[in-house]
Structures are given as C-alpha cells and as structure tokens.
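Structure, as structure tokens:
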Amino acid sequence: MSPSPRTTLLAVLTAATTLALPCLSAHAAGTDPWVRAWGENAQGQLGNGSVLAQQTPAAVVGITRDDVRELSGGGGGAAAAANGFAVALLKDGTVKSWGNNATGQLGNGTLVAQSFPATVAGLSGVSEVSAGLNHALAVKGGRVLAWGSNASKQLGTGQDTTNPYKAPIPVQSLDKVKDVAAGCDFSVALRQDGTVWTWGKGDNGRLGTGNNTTRETPQKVPDLVDVESVAVGCDHVLALTADGVVKAWGKGAEGQLGNDTTTDSNKPVDVAYLDAVARIFATSASGFAVLDDGSLAGWGKNTDRQLGDGTNANRTTPVVLDTLKGVQSIAGGADFTVAALDDGSVIGWGANAAAQLGDGTITNPTGTTVALPPGSGITHVATTVTGKSAFAY
C-alpha cells in the first residue's frame, strides 16, 4: 500500500529536521562539525539560541569548527552583573558575535543581547580578534578596531568615555599590528616589530608603562623588545620573547606574575624558573606555559584547584604539572581551567558548580574531568574572561 501524501510529507520533514539539528551528545563530537559550548548561559553566551545552562558541550548555532580561525570569550562575573559574550573570527575574515550586549560589545549597532551568532556588519578582512570584560578588539590590515564600553578608555580612541560604541571604531595611531588581546578594561597590541602597546585602565600596573595611569591612546611598553606572543588575563599580561623568556606585569596578588611575590608590577618582570618556553596562556588570574619538551607549567591563583597541581594553594612561581601532557590550548575563567589535548580531547579542572567543566555534572572534582573524548576534532578552547562558560573548536 502506498503511503499517503501526509505520511510522506511527515517523513520528509522529520528527515530534514534531523539533518538540521546538530547532535549535542559529547561522544558524537568526532562525527559532527560544530563549535561546542557549555556552562553558564544566562546571557545567551553559549550561542545555541537559548539562555539555559549546559552541563555538556552543546553546538553553537551554525558555526562549524572548519569555518573558525579564532574564538574569544568575553565578560563573565556574578549572576547579578553577568555579561558573558563571545566573538568568532571566521576564515573568510568576517566576525560573528553573540551573548550580552549591554555595552555594545557585540558590535552590531545595538545594545540588544542575542543568544545566537550574527555577523558584525561592515567588518571584513579581519586577521585577529579578542574579547575583554566588556569590549572587543579586531585587527584589520595591521590596524586595530575596537567596540563596546569605553568607560576606562579601553577602546583607545581618545574619544567620549560615557557612551558605549556599538560598532567598530579605529584605535588611534597603531599600525603594523600582529595581534591583540583584551583584558578587564584594558587592551594590548603586539606589533610586527616585536613591541607591545597598551591602553585603557592602568590600575595594578596592568599597562606595563611604569605607572598606574589610565591611558586613552596606545602607549609603548618601555624596554620590551622581540616579543613573539602575548596573553592577557583579567588584569595581568604575559609576553613571550624570541629567546623563550616570559615577562609579566599587572596584578600580582594571586601570584599571577610568577616572580615569587604577591605584589603588583607596573613594568615587565621575569616569570621565574622557566626555560625553553614554546607557548603561553593566561587565564583570569593564572598563567600557563607549554615548554619545548611538551611539559606544562602553571602559576597564579589556585584557590579552586584551577592550576591542576593537586592543591588549592596559590603559586607564586611556576609548578610543572607532570600529569598534563600534549596540551594544545588552555583557557580559564575565574575558578576553572579547560584544555584541548593533542588526541582531540577536552579536559578540565577546578570548580564546577555551574557545569563549567562540561562533564555532565555540577560536582567539583579533585582531579581532571573529560568534556569531550579523544578524536573529537577539537584543537582550541576559550572561556569567558571572569565567568563560567567555555568553548571548544
């Protein structure tokens, strides 16, 4: 007996719907193409069209891993002032954004939050992006564009600080910029000549210019040359030089400068006991270095076991983490850390009350947990700056 037209239509619609909805099972990550996100989601910062928290990695709507060059999480904070958001640079040079938009940090010309990715209008040819606490940065043709809050002069425009900038605006003076990094109310740019430039809020010496003065336009960090990469936490900065030395400046209360003190520094200091560093990462108030031999070292805030060293004591100098090998990428918010390993898995450690570790629980572990299994195809992770949301791509 032939099926009725209605039965046939239902079958077609069911099949189409099945194909359109990305599988959300963590163990299916190796067979689907999507960027994943989990944890807090009250502002729609997970990009899945909802504002519901996720205990396991869920697909970000319409963004595949193969399309993404870089993803950066911004905002965070306590529930009453949560402002989580994210920006994603696609390989075609366009930028998408989603989440909280109270200060125009989505760059879409409005102050309206959105729980799914949308293209930042008029922005193309971009090579780098970074999301801060309440603003975002992009590099286009060697020049820096910024949008969002300018209350601490973090946009570097030399203009009005009372109103948010809802669309990208040029940062003054800089050219030939290689990379940018946004922190809590300040900004950092790495130029192609290996110099570092900073602007915005100067508290804790986070601009590295020798004082705590807030700057509305970019200033060069003195006596710092041959820098190959920078990494920015909430209020501290790490810089890796060509000879493998790691410099740090800014807030030091949790040991995040790694120089055996808990004092701030308004100029670069050496992170102690590190040799042959290949890559650096900064989480909200901690630092990590992947060494040339593949081992990992961490320092800074550890009150929630976010360093992964088996303790909950802050570390003022780097500690080698012998159990963590094959790290490709690390990111962390206020109280947790996630890492992408070379086998394609994503693991996490630290606090988990908001499911920020993505392991399907809200239990704080004493060791590492698994958010995505080996073979998932993931090579990078990101988190909101001070919040409890994570991304994998």
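Residue numbering restarts at 1 for every chain of the structure tokens, chains are lettered A, B, ... in their displayed order, and ligands are numbered from 1 as they appear.
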
Neighbours of Val196 (chain A) within 6 Å (only C-alpha atoms; same-chain residues fewer than 6 positions away dropped), as a ChimeraX atom specification? /A:189-190,220-221

Within 7 Å of Thr369 (chain A), counting only C-alpha atoms, which residues show up once you throw out same-chain ones fewer than 6 positions away? Write them as number ranges by chain, please. A: 347-349, 359

Those selected residues, please, written with N, CA and C atoms and delivered as a compact mmCIF listing (two decimals), in the first residue's frame.
# COMPACT_ATOMS: atom_id res chain seq x y z
N ILE A 347 39.72 18.44 28.34
CA ILE A 347 39.65 18.11 29.76
C ILE A 347 39.54 19.40 30.56
N GLY A 348 39.17 19.28 31.83
CA GLY A 348 39.05 20.46 32.67
C GLY A 348 39.36 20.15 34.12
N TRP A 349 39.62 21.20 34.88
CA TRP A 349 39.86 21.04 36.31
C TRP A 349 39.53 22.35 37.02
N ASP A 359 31.39 18.20 32.06
CA ASP A 359 31.44 16.74 32.18
C ASP A 359 30.08 16.14 32.52

With only C-alpha atoms as the atoms that count, which of A:Val319, A:Phe281, A:Asn212, A:Ser389 lies nearest to Asn352 (chain A)? A:Ser389

All strand (DSSP E or B) positions in region 38-240 of chain A, as a PyMOL selection string: chain A and resi 38-39+54-64+68-74+76+85-90+95-99+114-119+126-131+135-140+143-148+165-170+177-182+186-191+196-200+215-220+227-232+236-240

Selected residue, from A:Thr262, A:Thr241, A:Thr213, A:Ser149, that lies nearest to Gly132 (chain A) when counting only C-alpha atoms: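 Result for the nearest residue to Gly132 (chain A): A:Ser149.
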
Which residues come within 10 Å of Gln306 (chain A), counting only C-alpha atoms, excluding same-chain residues fewer than 5 positions away, as a PyMOL selection string? chain A and resi 283+285-286+298-301+311-314+332-338+348-351+367-368

Using only C-alpha atoms, which residues sit within 7 Å of Ile280 (chain A) once same-chain residues fewer than 4 positions away are excluded, as an mmCIF file with N, CA, C and O atoms, in the first residue's frame?
data_model
loop_
_atom_site.group_PDB
_atom_site.id
_atom_site.type_symbol
_atom_site.label_atom_id
_atom_site.label_comp_id
_atom_site.auth_asym_id
_atom_site.auth_seq_id
_atom_site.Cartn_x
_atom_site.Cartn_y
_atom_site.Cartn_z
ATOM 1 N N ALA A 231 49.660 37.150 26.065
ATOM 2 C CA ALA A 231 48.465 36.518 26.619
ATOM 3 C C ALA A 231 47.995 37.387 27.775
ATOM 4 O O ALA A 231 48.816 37.836 28.588
ATOM 5 N N LEU A 240 55.847 36.509 25.687
ATOM 6 C CA LEU A 240 56.901 35.541 25.381
ATOM 7 C C LEU A 240 57.852 36.155 24.376
ATOM 8 O O LEU A 240 57.439 36.584 23.290
ATOM 9 N N PHE A 288 49.972 29.880 32.301
ATOM 10 C CA PHE A 288 50.468 28.552 31.930
ATOM 11 C C PHE A 288 51.488 28.696 30.811
ATOM 12 O O PHE A 288 51.383 29.591 29.966
ATOM 13 N N ALA A 289 52.467 27.800 30.814
ATOM 14 C CA ALA A 289 53.467 27.767 29.750
ATOM 15 C C ALA A 289 53.664 26.332 29.293
ATOM 16 O O ALA A 289 53.859 25.431 30.128
ATOM 17 N N VAL A 290 53.592 26.119 27.987
ATOM 18 C CA VAL A 290 53.966 24.835 27.400
ATOM 19 C C VAL A 290 55.449 24.929 27.043
ATOM 20 O O VAL A 290 55.867 25.847 26.325
#

Kindly indicate which residue among A:Ala131, A:Gln114, A:Arg69, A:Leu123 lies nearest to Ala42 (chain A), using only C-alpha atoms for the distances.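 Of A:Ala131, A:Gln114, A:Arg69, A:Leu123, the one nearest Ala42 (chain A), counting only C-alpha atoms, is A:Gln114.
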
Taking 3 positions as the minimum chain separation for residues in the same chain, which residues sit within 12 Å of Lys166 (chain A) when counting only C-alpha atoms? Answer as a ChimeraX atom specification. /A:101-113,120-121,134-136,146-150,155,163,169

What does the file look like for those residues with N, CA and C atoms, as an mmCIF file, in the first residue's frame?
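What follows is the written file result.cif:
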data_model
loop_
_atom_site.group_PDB
_atom_site.id
_atom_site.type_symbol
_atom_site.label_atom_id
_atom_site.label_comp_id
_atom_site.auth_asym_id
_atom_site.auth_seq_id
_atom_site.Cartn_x
_atom_site.Cartn_y
_atom_site.Cartn_z
ATOM 1 N N ASN A 101 25.021 42.261 25.500
ATOM 2 C CA ASN A 101 25.349 43.389 24.626
ATOM 3 C C ASN A 101 25.059 44.723 25.310
ATOM 4 N N ALA A 102 25.095 44.738 26.640
ATOM 5 C CA ALA A 102 24.724 45.938 27.388
ATOM 6 C C ALA A 102 25.633 47.118 27.107
ATOM 7 N N THR A 103 26.875 46.852 26.699
ATOM 8 C CA THR A 103 27.805 47.938 26.396
ATOM 9 C C THR A 103 28.200 47.947 24.917
ATOM 10 N N GLY A 104 27.375 47.331 24.073
ATOM 11 C CA GLY A 104 27.667 47.321 22.643
ATOM 12 C C GLY A 104 28.778 46.384 22.236
ATOM 13 N N GLN A 105 29.123 45.440 23.114
ATOM 14 C CA GLN A 105 30.283 44.577 22.859
ATOM 15 C C GLN A 105 30.076 43.577 21.722
ATOM 16 N N LEU A 106 28.858 43.451 21.211
ATOM 17 C CA LEU A 106 28.638 42.583 20.052
ATOM 18 C C LEU A 106 28.912 43.308 18.743
ATOM 19 N N GLY A 107 29.030 44.638 18.805
ATOM 20 C CA GLY A 107 29.397 45.400 17.616
ATOM 21 C C GLY A 107 28.358 45.429 16.520
ATOM 22 N N ASN A 108 27.106 45.137 16.880
ATOM 23 C CA ASN A 108 26.064 45.015 15.856
ATOM 24 C C ASN A 108 25.191 46.253 15.726
ATOM 25 N N GLY A 109 25.623 47.361 16.316
ATOM 26 C CA GLY A 109 24.882 48.601 16.201
ATOM 27 C C GLY A 109 23.756 48.772 17.191
ATOM 28 N N THR A 110 23.574 47.798 18.100
ATOM 29 C CA THR A 110 22.500 47.860 19.093
ATOM 30 C C THR A 110 23.063 47.584 20.480
ATOM 31 N N LEU A 111 22.173 47.633 21.466
ATOM 32 C CA LEU A 111 22.504 47.209 22.825
ATOM 33 C C LEU A 111 21.659 46.007 23.223
ATOM 34 N N VAL A 112 21.200 45.261 22.234
ATOM 35 C CA VAL A 112 20.301 44.131 22.452
ATOM 36 C C VAL A 112 21.099 42.828 22.450
ATOM 37 N N ALA A 113 20.930 42.033 23.501
ATOM 38 C CA ALA A 113 21.617 40.739 23.575
ATOM 39 C C ALA A 113 21.058 39.789 22.527
ATOM 40 N N VAL A 120 28.980 40.637 12.484
ATOM 41 C CA VAL A 120 29.225 42.038 12.789
ATOM 42 C C VAL A 120 29.257 42.787 11.465
ATOM 43 N N ALA A 121 28.261 43.616 11.226
ATOM 44 C CA ALA A 121 28.091 44.263 9.927
ATOM 45 C C ALA A 121 29.276 45.152 9.573
ATOM 46 N N ASN A 134 34.219 43.844 28.748
ATOM 47 C CA ASN A 134 33.032 44.484 28.179
ATOM 48 C C ASN A 134 33.333 45.220 26.877
ATOM 49 N N HIS A 135 34.409 44.805 26.198
ATOM 50 C CA HIS A 135 34.733 45.377 24.895
ATOM 51 C C HIS A 135 35.419 44.321 24.048
ATOM 52 N N ALA A 136 35.609 44.622 22.774
ATOM 53 C CA ALA A 136 36.243 43.672 21.862
ATOM 54 C C ALA A 136 37.191 44.406 20.926
ATOM 55 N N ALA A 146 38.007 48.664 17.544
ATOM 56 C CA ALA A 146 37.503 48.347 18.883
ATOM 57 C C ALA A 146 36.046 48.742 18.988
ATOM 58 N N TRP A 147 35.322 48.058 19.895
ATOM 59 C CA TRP A 147 33.934 48.409 20.144
ATOM 60 C C TRP A 147 33.529 47.931 21.533
ATOM 61 N N GLY A 148 32.405 48.490 22.033
ATOM 62 C CA GLY A 148 31.923 48.155 23.366
ATOM 63 C C GLY A 148 32.095 49.322 24.323
ATOM 64 N N SER A 149 32.298 49.002 25.599
ATOM 65 C CA SER A 149 32.466 50.038 26.614
ATOM 66 C C SER A 149 33.792 50.760 26.440
ATOM 67 N N ASN A 150 33.751 52.077 26.687
ATOM 68 C CA ASN A 150 34.975 52.867 26.691
ATOM 69 C C ASN A 150 35.123 53.608 28.023
ATOM 70 N N LEU A 155 39.034 51.465 24.599
ATOM 71 C CA LEU A 155 38.915 51.403 23.135
ATOM 72 C C LEU A 155 40.047 52.146 22.438
ATOM 73 N N ASN A 163 29.537 56.897 26.684
ATOM 74 C CA ASN A 163 28.592 56.107 25.894
ATOM 75 C C ASN A 163 29.287 54.932 25.229
ATOM 76 N N ILE A 169 35.248 50.931 15.797
ATOM 77 C CA ILE A 169 35.820 52.254 15.596
ATOM 78 C C ILE A 169 37.340 52.113 15.652
#

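The space between CA of Ser187 (chain A) and CA of Gln43 (chain A) spans 23.4 Å.
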
Top pick for closest residue to Asp235 (chain A), considering A:Ser284, A:Ser124, A:Ser265, A:Thr379 and counting only C-alpha atoms: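 Of all the options, A:Ser284 lies closest to Asp235 (chain A).
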
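Among the candidates A:Asp193, A:Ala182, A:Leu307, A:Thr119, the one nearest to Ala167 (chain A) when counting only C-alpha atoms is A:Thr119.
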
Nearest to Gly250 (chain A) among A:Asp293, A:Asp275, A:Val139, A:Gly202, with distances taken over only C-alpha atoms: which residue is it? A:Gly202
